[in-house]
file start37.tsv (TSV, C-alpha atoms)
chain	number	residue	atom	x	y	z
S	1	MET	CA	7.41	1.84	28.59
S	2	PHE	CA	6.14	3.46	25.42
S	3	ASP	CA	2.36	3.26	24.95
S	4	TYR	CA	1.96	2.18	21.34
S	5	ALA	CA	-1.83	1.85	21.61
S	6	ALA	CA	-2.03	5.51	22.64
S	7	ALA	CA	0.31	6.38	19.77
S	8	ARG	CA	-2.07	4.69	17.31
S	9	GLU	CA	-5.00	6.70	18.63
S	10	HIS	CA	-2.99	9.90	18.39
S	11	MET	CA	-1.98	9.01	14.83
S	12	ILE	CA	-5.62	8.54	13.85
S	13	ASP	CA	-6.71	11.77	15.54
S	14	SER	CA	-3.84	14.02	14.43
S	15	GLN	CA	-2.68	12.59	11.09
S	16	VAL	CA	-5.65	10.72	9.65
S	17	ARG	CA	-8.90	12.41	10.67
S	18	THR	CA	-7.40	15.87	10.16
S	19	ASN	CA	-6.61	14.97	6.54
S	20	ASP	CA	-10.20	14.14	5.63
S	21	VAL	CA	-10.00	10.38	6.16
S	22	THR	CA	-13.31	9.98	7.94
S	23	ASP	CA	-14.17	6.33	7.23
S	24	SER	CA	-14.57	4.59	10.60
S	25	ASP	CA	-13.76	1.20	9.05
S	26	ILE	CA	-10.34	2.56	8.06
S	27	HIS	CA	-9.83	3.96	11.56
S	28	ASN	CA	-10.67	0.58	13.08
S	29	ALA	CA	-8.32	-1.26	10.70
S	30	LEU	CA	-5.51	1.13	11.64
S	31	ARG	CA	-6.22	0.47	15.32
S	32	ARG	CA	-5.98	-3.29	14.86
S	33	VAL	CA	-2.56	-3.36	13.21
S	34	PRO	CA	0.46	-2.30	15.30
S	35	ARG	CA	2.77	-0.31	13.01
S	36	GLU	CA	5.68	-0.85	15.38
S	37	ALA	CA	5.58	-4.61	14.75
S	38	PHE	CA	6.18	-4.16	11.01
S	39	VAL	CA	9.40	-2.13	11.17
S	40	PRO	CA	12.92	-3.06	12.37
S	41	ALA	CA	13.35	-2.76	16.13
S	42	SER	CA	15.58	0.28	15.67
S	43	LYS	CA	12.75	2.10	13.86
S	44	GLN	CA	9.96	1.36	16.35
S	45	PRO	CA	10.29	4.74	18.12
S	46	VAL	CA	9.40	6.51	14.83
S	47	ALA	CA	6.73	4.07	13.63
S	48	TYR	CA	3.96	6.63	14.27
S	49	SER	CA	5.82	9.72	13.11
S	50	ASP	CA	4.64	11.82	10.18
S	51	THR	CA	7.22	10.37	7.81
S	52	ASN	CA	7.95	7.42	5.53
S	53	VAL	CA	9.85	4.82	7.57
S	54	VAL	CA	12.45	2.73	5.75
S	55	THR	CA	11.93	-0.95	6.60
S	56	ASP	CA	14.23	-2.65	4.13
S	57	GLU	CA	16.30	-1.66	1.11
S	58	GLY	CA	13.91	-0.07	-1.37
S	59	ARG	CA	10.88	-0.43	0.92
S	60	VAL	CA	9.13	2.01	3.24
S	61	MET	CA	6.16	2.04	5.54
S	62	ILE	CA	4.18	4.91	4.03
S	63	ARG	CA	3.56	7.88	6.34
S	64	PRO	CA	0.16	7.57	8.06
S	65	ARG	CA	-1.48	10.54	6.29
S	66	ASP	CA	-0.62	9.37	2.78
S	67	PHE	CA	-1.31	5.72	3.55
S	68	ALA	CA	-4.76	6.37	4.99
S	69	LYS	CA	-5.71	8.69	2.12
S	70	LEU	CA	-4.62	6.07	-0.44
S	71	VAL	CA	-6.67	3.41	1.34
S	72	GLN	CA	-9.73	5.68	1.37
S	73	LEU	CA	-9.18	6.51	-2.31
S	74	ALA	CA	-9.29	2.79	-3.15
S	75	ASP	CA	-12.84	2.54	-1.73
S	76	ILE	CA	-12.32	-1.06	-0.59
S	77	GLN	CA	-15.46	-3.14	-0.07
S	78	LYS	CA	-15.91	-6.19	2.18
S	79	THR	CA	-16.25	-8.47	-0.86
S	80	ASP	CA	-13.15	-7.18	-2.68
S	81	VAL	CA	-10.06	-9.13	-3.63
S	82	VAL	CA	-7.02	-6.86	-3.25
S	83	LEU	CA	-3.50	-7.03	-4.66
S	84	ASN	CA	-0.78	-5.28	-2.66
S	85	ILE	CA	2.25	-4.64	-4.87
S	86	ALA	CA	5.54	-4.25	-2.95
S	87	ALA	CA	4.11	-5.49	0.33
S	88	GLY	CA	7.35	-4.99	2.26
S	89	ARG	CA	6.97	-6.42	5.76
S	90	GLY	CA	3.21	-6.74	5.36
S	91	TYR	CA	1.82	-3.71	7.20
S	92	ALA	CA	-0.39	-2.52	4.33
S	93	THR	CA	-1.44	-6.09	3.60
S	94	ALA	CA	-2.57	-6.48	7.21
S	95	VAL	CA	-4.56	-3.22	7.28
S	96	LEU	CA	-6.20	-3.99	3.94
S	97	SER	CA	-7.17	-7.45	5.19
S	98	TYR	CA	-9.59	-5.87	7.68
S	99	LEU	CA	-11.36	-4.01	4.87
S	100	ALA	CA	-11.47	-6.64	2.11
S	101	ASP	CA	-12.39	-10.28	1.61
S	102	THR	CA	-8.93	-11.42	0.51
S	103	VAL	CA	-5.54	-9.73	0.09
S	104	VAL	CA	-2.61	-11.02	-1.93
S	105	GLY	CA	0.72	-9.29	-1.38
S	106	VAL	CA	3.63	-9.58	-3.80
S	107	GLU	CA	7.29	-9.13	-2.96
S	108	GLN	CA	10.33	-9.36	-5.19
S	109	SER	CA	12.44	-11.58	-2.91
S	110	GLN	CA	11.54	-14.78	-1.14
S	111	GLU	CA	13.14	-13.41	2.03
S	112	LEU	CA	10.77	-10.42	2.13
S	113	ALA	CA	7.78	-12.58	1.29
S	114	ASP	CA	8.63	-15.04	4.07
S	115	ARG	CA	9.17	-12.27	6.64
S	116	ALA	CA	5.83	-10.66	5.77
S	117	THR	CA	4.08	-14.02	5.96
S	118	GLU	CA	5.53	-14.66	9.43
S	119	LEU	CA	4.38	-11.24	10.65
S	120	LEU	CA	0.88	-11.73	9.25
S	121	MET	CA	0.61	-15.11	10.95
S	122	ALA	CA	1.93	-13.67	14.22
S	123	HIS	CA	-0.89	-11.12	14.17
S	124	ASP	CA	-3.63	-13.60	13.26
S	125	VAL	CA	-4.24	-12.20	9.77
S	126	LEU	CA	-5.92	-15.19	8.14
S	127	ASN	CA	-7.34	-13.79	4.89
S	128	ALA	CA	-4.08	-12.50	3.42
S	129	ALA	CA	-0.85	-13.95	2.06
S	130	VAL	CA	2.36	-12.56	0.60
S	131	VAL	CA	3.93	-14.42	-2.31
S	132	GLN	CA	7.23	-14.00	-4.12
S	133	GLY	CA	7.09	-12.70	-7.66
S	134	ASP	CA	8.17	-10.03	-10.08
S	135	LEU	CA	6.46	-6.80	-9.05
S	136	LYS	CA	5.82	-5.64	-12.61
S	137	SER	CA	4.11	-8.96	-13.37
S	138	GLY	CA	1.64	-8.64	-10.50
S	139	ALA	CA	-0.11	-11.88	-9.54
S	140	GLN	CA	-2.23	-12.90	-12.52
S	141	GLU	CA	-2.86	-16.38	-11.16
S	142	HIS	CA	-4.69	-14.89	-8.16
S	143	GLY	CA	-6.70	-12.25	-10.07
S	144	PRO	CA	-8.65	-10.51	-11.32
S	145	PHE	CA	-8.52	-7.93	-8.53
S	146	ASN	CA	-11.07	-5.37	-7.44
S	147	VAL	CA	-8.30	-3.19	-6.00
S	148	ILE	CA	-4.55	-2.89	-6.58
S	149	PHE	CA	-2.65	-0.98	-3.90
S	150	VAL	CA	0.98	-0.09	-4.65
S	151	GLY	CA	3.38	0.27	-1.73
S	152	GLY	CA	5.70	2.79	-3.36
S	153	ALA	CA	5.86	5.35	-6.15
S	154	VAL	CA	6.28	4.39	-9.81
S	155	SER	CA	7.07	6.54	-12.82
S	156	SER	CA	4.46	4.72	-14.91
S	157	VAL	CA	1.92	1.96	-14.31
S	158	PRO	CA	2.68	-1.36	-16.04
S	159	LYS	CA	-0.02	-2.57	-18.41
S	160	THR	CA	0.13	-5.95	-16.66
S	161	TRP	CA	-1.34	-4.38	-13.52
S	162	LEU	CA	-4.22	-2.77	-15.38
S	163	ASP	CA	-4.89	-6.06	-17.20
S	164	GLN	CA	-5.34	-7.74	-13.81
S	165	LEU	CA	-8.00	-5.27	-12.65
S	166	ALA	CA	-11.57	-6.52	-12.77
S	167	SER	CA	-14.14	-4.35	-14.49
S	168	GLY	CA	-15.07	-1.72	-11.92
S	169	GLY	CA	-11.67	-2.16	-10.30
S	170	ARG	CA	-9.47	0.59	-8.81
S	171	LEU	CA	-5.70	0.98	-8.74
S	172	VAL	CA	-4.12	3.51	-6.38
S	173	VAL	CA	-0.51	4.57	-6.73
S	174	VAL	CA	1.75	7.59	-6.27
S	175	GLN	CA	3.56	8.90	-9.35
S	176	PRO	CA	6.15	11.70	-9.43
S	177	ASN	CA	5.41	14.97	-11.20
S	178	GLY	CA	8.64	16.92	-11.04
S	179	PRO	CA	9.57	17.41	-7.37
S	180	VAL	CA	6.04	16.52	-6.19
S	181	GLY	CA	4.40	13.11	-5.96
S	182	GLN	CA	0.73	12.74	-6.87
S	183	ALA	CA	-1.71	10.03	-5.85
S	184	HIS	CA	-3.49	8.60	-8.89
S	185	LEU	CA	-6.72	6.64	-9.02
S	186	TYR	CA	-7.03	4.38	-12.06
S	187	THR	CA	-10.49	2.95	-12.67
S	188	LYS	CA	-11.44	0.24	-15.14
S	189	ASN	CA	-14.77	-0.07	-16.92
S	190	GLY	CA	-14.76	-2.97	-19.34
S	191	ASN	CA	-11.56	-2.47	-21.30
S	192	ALA	CA	-11.46	1.29	-20.75
S	193	VAL	CA	-9.18	2.75	-18.07
S	194	GLY	CA	-9.58	6.22	-16.56
S	195	ASP	CA	-7.06	8.12	-14.46
S	196	ARG	CA	-7.43	11.05	-12.09
S	197	ILE	CA	-5.10	12.80	-9.68
S	198	ALA	CA	-6.46	12.88	-6.14
S	199	PHE	CA	-3.88	14.57	-3.89
S	200	ASP	CA	-0.17	15.27	-3.42
S	201	ALA	CA	1.89	12.59	-1.68
S	202	ASN	CA	5.64	12.07	-1.53
S	203	ILE	CA	6.70	8.43	-1.42
S	204	PRO	CA	10.06	7.07	-2.61
S	205	LEU	CA	10.20	5.39	-6.00
S	206	LEU	CA	10.27	1.62	-6.02
S	207	PRO	CA	13.58	0.30	-7.38
S	208	GLY	CA	13.14	-0.68	-11.02
S	209	PHE	CA	10.24	1.72	-11.57
S	210	GLU	CA	12.26	4.82	-12.37
S	211	ALA	CA	11.54	6.76	-15.54
S	212	ALA	CA	13.52	5.64	-18.58
S	213	PRO	CA	16.35	8.08	-19.40
S	214	GLU	CA	15.61	10.56	-22.17
S	215	PHE	CA	18.11	11.00	-24.95
S	216	VAL	CA	18.73	14.53	-26.13
S	217	PHE	CA	20.33	15.11	-29.54

call {"tool": "encode", "arguments": {"input": "start37.tsv", "output": "structure tokens"}}
result
Amino acid sequence: MFDYAAAREHMIDSQVRTNDVTDSDIHNALRRVPREAFVPASKQPVAYSDTNVVTDEGRVMIRPRDFAKLVQLADIQKTDVVLNIAAGRGYATAVLSYLADTVVGVEQSQELADRATELLMAHDVLNAAVVQGDLKSGAQEHGPFNVIFVGGAVSSVPKTWLDQLASGGRLVVVQPNGPVGQAHLYTKNGNAVGDRIAFDANIPLLPGFEAAPEFVF
């Protein structure tokens, strides 16, 4: 029988620590959430591989290296309220719940939201919930948020997300730059928003977040 607990430890040692994610709180959160439980049964053997794992149409479980680096980039505090855009089956929501006070996940379809909710409940995650809603609209009724974590790449960040950040808030997301994806950290100070590129990361684009076609005359 495959030892998933050993696989989690190996993931942390070989894919997370070696990529400069040194925060022990992140390591402990990764230990507490079984990746294999948040993918289809057919994908469980590759749940800890160094790759993005497709969970549903248009949704992936982000490869461990990129996921952990994004979480560290967000600098989540115990008192933070976090929004997880494109929560998928709830893996990121579950991990973030061990670092924050409250996590709200948003999924486009009620089916995905219900599945994620069931998985969170099955793993005793009590300070997080996944709701159905338009991804570009975020979850204004639950904000403002100290952190927004996006579970896929987007060509541009909707203003609605930045509007829902609290002052001092952080938004982490991967955006394509030609053939390479780049992890961006958006920070908000009052009404001013800053943006910096932190590292390269290749994550599939979320459906509906592709760049608008350019017209050439």

call {"tool": "closest_residue", "arguments": {"input": "start37.tsv", "among": "S:Val104, S:Ala68, S:Val125, S:Ala153", "to": "Glu210 of chain S", "atoms": "only C-alpha atoms"}}
result
S:Ala153

call {"tool": "closest_residue", "arguments": {"input": "start37.tsv", "among": "S:Lys43, S:Arg59, S:Arg115, S:Lys69", "to": "His27 of chain S", "atoms": "all atoms listed in the file"}}
result
S:Lys69

call {"tool": "atom_distance", "arguments": {"input": "start37.tsv", "atom1": "atom CA of Phe67 of chain S", "atom2": "atom CA of Tyr186 of chain S"}}
result
16.7 Å

call {"tool": "residues_around", "arguments": {"input": "start37.tsv", "residues": "Pro176 of chain S", "least_positions_apart": "4", "cutoff": "12 Å", "atoms": "all atoms listed in the file", "output": "list in words"}}
result
Gly152, Ala153, Val154, Ser155, Ser156, Val157, Val180, Gly181, Gln182, Ala183, His184, Ile197, Phe199, Asp200, Ala201, Asn202, Ile203, Pro204, Leu205, Leu206, Phe209, Glu210 and Ala211 of chain S

call {"tool": "closest_residue", "arguments": {"input": "start37.tsv", "among": "S:Gly190, S:Pro144, S:Pro64, S:Pro158", "to": "Asp80 of chain S", "atoms": "all atoms listed in the file"}}
result
S:Pro144

call {"tool": "closest_residue", "arguments": {"input": "start37.tsv", "among": "S:Ala29, S:Val54, S:Val46, S:Ala192", "to": "Ala100 of chain S", "atoms": "all atoms listed in the file"}}
result
S:Ala29

call {"tool": "residues_near_point", "arguments": {"input": "start37.tsv", "point": "(-11.5, -4.4, -5.1)", "cutoff": "10 Å", "atoms": "all atoms listed in the file", "output": "list of chain:residue names"}}
result
S:Ala74, S:Asp75, S:Ile76, S:Gln77, S:Lys78, S:Thr79, S:Asp80, S:Val81, S:Val82, S:Leu83, S:Leu99, S:Ala100, S:Asp101, S:Thr102, S:Val103, S:Pro144, S:Phe145, S:Asn146, S:Val147, S:Ile148, S:Phe149, S:Leu165, S:Ala166, S:Ser167, S:Gly168, S:Gly169, S:Arg170, S:Leu171

call {"tool": "closest_residue", "arguments": {"input": "start37.tsv", "among": "S:Met121, S:Ile12, S:Val106, S:Met61", "to": "Phe38 of chain S", "atoms": "only C-alpha atoms"}}
result
S:Met61

call {"tool": "closest_residue", "arguments": {"input": "start37.tsv", "among": "S:Val174, S:Leu96, S:Ala212, S:Leu126", "to": "Val71 of chain S", "atoms": "only C-alpha atoms"}}
result
S:Leu96

call {"tool": "atom_distance", "arguments": {"input": "start37.tsv", "atom1": "atom CA of Lys188 of chain S", "atom2": "atom CA of Leu70 of chain S"}}
result
17.2 Å

call {"tool": "residues_near_point", "arguments": {"input": "start37.tsv", "point": "(1.0, 12.8, 7.4)", "cutoff": "10 Å", "atoms": "only C-alpha atoms", "output": "tab-separated table (two decimals) with C-alpha atoms, keeping the file's coordinate frame"}}
result
chain	number	residue	atom	x	y	z
S	11	MET	CA	-1.98	9.01	14.83
S	14	SER	CA	-3.84	14.02	14.43
S	15	GLN	CA	-2.68	12.59	11.09
S	16	VAL	CA	-5.65	10.72	9.65
S	18	THR	CA	-7.40	15.87	10.16
S	19	ASN	CA	-6.61	14.97	6.54
S	48	TYR	CA	3.96	6.63	14.27
S	49	SER	CA	5.82	9.72	13.11
S	50	ASP	CA	4.64	11.82	10.18
S	51	THR	CA	7.22	10.37	7.81
S	52	ASN	CA	7.95	7.42	5.53
S	62	ILE	CA	4.18	4.91	4.03
S	63	ARG	CA	3.56	7.88	6.34
S	64	PRO	CA	0.16	7.57	8.06
S	65	ARG	CA	-1.48	10.54	6.29
S	66	ASP	CA	-0.62	9.37	2.78
S	67	PHE	CA	-1.31	5.72	3.55
S	68	ALA	CA	-4.76	6.37	4.99
S	69	LYS	CA	-5.71	8.69	2.12
S	201	ALA	CA	1.89	12.59	-1.68

call {"tool": "atom_distance", "arguments": {"input": "start37.tsv", "atom1": "atom CA of Gly138 of chain S", "atom2": "atom CA of Gln164 of chain S"}}
result
7.8 Å

call {"tool": "closest_atom_pairs", "arguments": {"input": "start37.tsv", "of": "segment 122-159 of chain S", "to": "segment 110-113 of chain S", "cutoff": "6 Å", "atoms": "all atoms listed in the file", "output": "Markdown table"}}
result
| residue | atom | partner | partner_atom | distance |
| --- | --- | --- | --- | --- |
| S:Val130 | CA | S:Ala113 | CA | 5.5 |
| S:Val131 | CA | S:Ala113 | CA | 5.6 |
| S:Gln132 | CA | S:Gln110 | CA | 5.3 |

call {"tool": "residues_around", "arguments": {"input": "start37.tsv", "residues": "Thr160 of chain S", "least_positions_apart": "5", "cutoff": "9 Å", "atoms": "all atoms listed in the file", "output": "list of chain:residue names"}}
result
S:Lys136, S:Ser137, S:Gly138, S:Gln140
